[in-house]
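Worksheet: the structure to be examined is printed underneath.
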Amino acid sequence: MSTHKEVKKITTHTLQEMKRAGTKIAMLTGYDFSLARILDDSGIDVILVGDSASNVMAGHETTLPITLEQMIYHAASVVRAVKRALVVVDLPFGSYQGNSKEALNSAIRIMKESGAHAVKLEGGREVKDSIERILTAGVPVMGHLGLTPQSIYKFGTYVVRAKEKEEADRLIEDALILEQSGCFSIVLEKIPAVLAKKVSGKLKIPTIGIGAGKHTDGQVLVLHDMLGINKEFSPRFLRRYLNLYDDISKAIDKYIQDVKSQNFPNEKEQY
Ligand code: KIV
């Protein structure tokens with residue numbers, strides 16, 4: 001008799017079934033082995049190795065500087081920790097736009113060198129060729145519409161997108177194009193809840209919202225934001241489940257005091 005417990009892995013098909021069954025999809029970002037293990041053991045459905053690593057791991061102001069090699073490093077660290085969750089990796093800025101062959105090569109490198117299960121890229125009709133080419137290699141693709149942080153210098157700000165009818169209509173068209181191109185899911189970032197509801201109702205594939213209200217088929221947050229590691233970033237959509245900045249600061253203060261006062265290490269903590 002085997003003592004090995006079978007883990008039912010989440011696949012892109014599981015997500016489609018979850019949409020059909022009305023079961024919400026829980027996704028969080030992850031960038032390293034230790035936290036990815038907690039995410040997976042806790043039962044998260046999808047771990048997104050987001051290019052937000054550029055902000056929260058590397059301290060850049062935008063997501064633009066992170067490289068393909070750095071994304072692969074983060075993705076491989078996450079994959080080593082995961083037994084059940086679907087691991088999706090962002091294609092970084094400059095690795096897929098305007099050149100479907102380069103998009104395919106970038107996606108193949110991510111899959112081959114990290115062992116991840118799918119890639120995500122930002123944009124609508126303008127990235128259709130890249131999506132279709134990546135799919136020819138059997139790599140599942142997640143789309144991303146609304147506020148697309150890699151285009152921050154085009155938008156100028158991180159405010160809510162598609163509030164006006166023209167941009168909302170275009171977003172709906174883009175969502176349908178992404179679905180027809182073969183995306184298995186689409187992230188909808190920072191758009192009005194009514195629009196996200198409309199898009200989610202029109203698509204057969206699941207939508208995952210961030211700042212897009214409750215009617216998307218799932219939700220995603222940046223792990224460091226929801227854990228409160230980061231104090232400065234406080235958009236309305238963010239729910240903080242912990243205040244780790246304060247808790248970690250307290251623990252470090254206590255450690256410093258213990259070292260200075262020679263309270264640490266004690267007799268039992270030495271050889
Ligand atoms: O990079 C990221 O973390 C993302 C999420 C905000 C969806 O794309």
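Chain labels run A, B, ... following the order of the structure tokens; each chain numbers its residues from 1, and ligands are numbered from 1 in the order shown.
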Taking 4 positions as the minimum chain separation for residues in the same chain, which residues sit within 12 Å of Ser34 of chain A when counting only C-alpha atoms? Answer as a compact mmCIF listing (two decimals) with C-alpha atoms, in the first residue's frame.
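Final output, part_31.txt:
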```txt
# COMPACT_ATOMS: atom_id res chain seq x y z
CA GLY A 30 4.26 34.45 -5.37
CA ILE A 38 2.74 28.34 2.32
CA LEU A 39 0.49 29.46 -0.55
CA ASP A 40 0.29 25.94 -1.97
CA ASP A 41 -0.16 24.21 1.39
CA HIS A 74 11.43 33.65 -9.49
CA SER A 77 11.82 29.05 -7.09
CA VAL A 78 8.01 28.97 -6.89
CA VAL A 79 7.65 25.79 -8.95
CA ARG A 80 10.04 23.92 -6.61
CA ALA A 81 7.58 24.59 -3.76
CA VAL A 82 4.32 23.73 -5.48
```
Restrict the calculation to only C-alpha atoms and all ligand atoms, then for each residue of chain A with any atom at most 10 Å from an atom of ligand 1 give the closest atom pair and their distance in Å to one decimal, rows by chain and rising residue number, as CSV.
```
residue,atom,partner,partner_atom_place_in_ligand_line,distance
A:Met27,CA,ligand 1,7 (C),8.9
A:Leu28,CA,ligand 1,3 (O),8.1
A:Thr29,CA,ligand 1,3 (O),5.8
A:Gly30,CA,ligand 1,3 (O),8.5
A:Tyr31,CA,ligand 1,3 (O),9.7
A:Ile47,CA,ligand 1,3 (O),10.0
A:Leu48,CA,ligand 1,3 (O),6.9
A:Val49,CA,ligand 1,1 (O),7.0
A:Gly50,CA,ligand 1,1 (O),3.3
A:Asp51,CA,ligand 1,1 (O),4.1
A:Ser52,CA,ligand 1,1 (O),3.9
A:Ala53,CA,ligand 1,1 (O),6.9
A:Ser54,CA,ligand 1,1 (O),8.4
A:Asn55,CA,ligand 1,1 (O),8.9
A:Val56,CA,ligand 1,3 (O),9.2
A:Thr63,CA,ligand 1,1 (O),7.5
A:Val89,CA,ligand 1,1 (O),8.8
A:Asp90,CA,ligand 1,1 (O),6.7
A:Leu91,CA,ligand 1,1 (O),9.5
A:Pro92,CA,ligand 1,1 (O),9.1
A:Lys120,CA,ligand 1,8 (O),8.0
A:Leu121,CA,ligand 1,8 (O),8.5
A:Glu122,CA,ligand 1,8 (O),8.2
A:Gly143,CA,ligand 1,8 (O),9.8
A:His144,CA,ligand 1,8 (O),7.4
A:Leu145,CA,ligand 1,7 (C),9.7
A:Leu147,CA,ligand 1,6 (C),9.2
A:Thr148,CA,ligand 1,8 (O),7.7
A:Pro149,CA,ligand 1,8 (O),7.6
A:Gln150,CA,ligand 1,8 (O),9.2
A:Ile186,CA,ligand 1,7 (C),9.6
A:Val187,CA,ligand 1,7 (C),6.2
A:Leu188,CA,ligand 1,7 (C),7.9
A:Glu189,CA,ligand 1,7 (C),6.8
A:Lys190,CA,ligand 1,6 (C),9.5
A:Ile208,CA,ligand 1,7 (C),8.2
A:Gly209,CA,ligand 1,7 (C),7.8
A:Ile210,CA,ligand 1,7 (C),6.5
A:Gly211,CA,ligand 1,6 (C),9.4
A:Gln219,CA,ligand 1,7 (C),9.1
A:Val220,CA,ligand 1,7 (C),6.2
A:Leu221,CA,ligand 1,6 (C),6.3
A:Val222,CA,ligand 1,3 (O),5.4
A:Leu223,CA,ligand 1,3 (O),8.4
A:His224,CA,ligand 1,3 (O),9.9
```
>> Would you pick out the contacts of Leu64 of chain A at 7 Å or less, using only C-alpha atoms, so that residues sharing its chain but fewer than 2 positions from it are not included, and give the list as JSON, numbers by chain?
In response: {"A": [62, 66, 93, 150]}
> Any idea what's packed within 9 Å of Asn243 of chain A, counting only C-alpha atoms, ignoring anything in its chain fewer than 5 positions away? Could you give it as a ChimeraX atom specification?
Replying inline: /A:226-231,248
> So which bits of segment 56-115 of chain A end up strand (DSSP E or B) when you DSSP the backbone, as a count of residues only?
Replying inline: 5
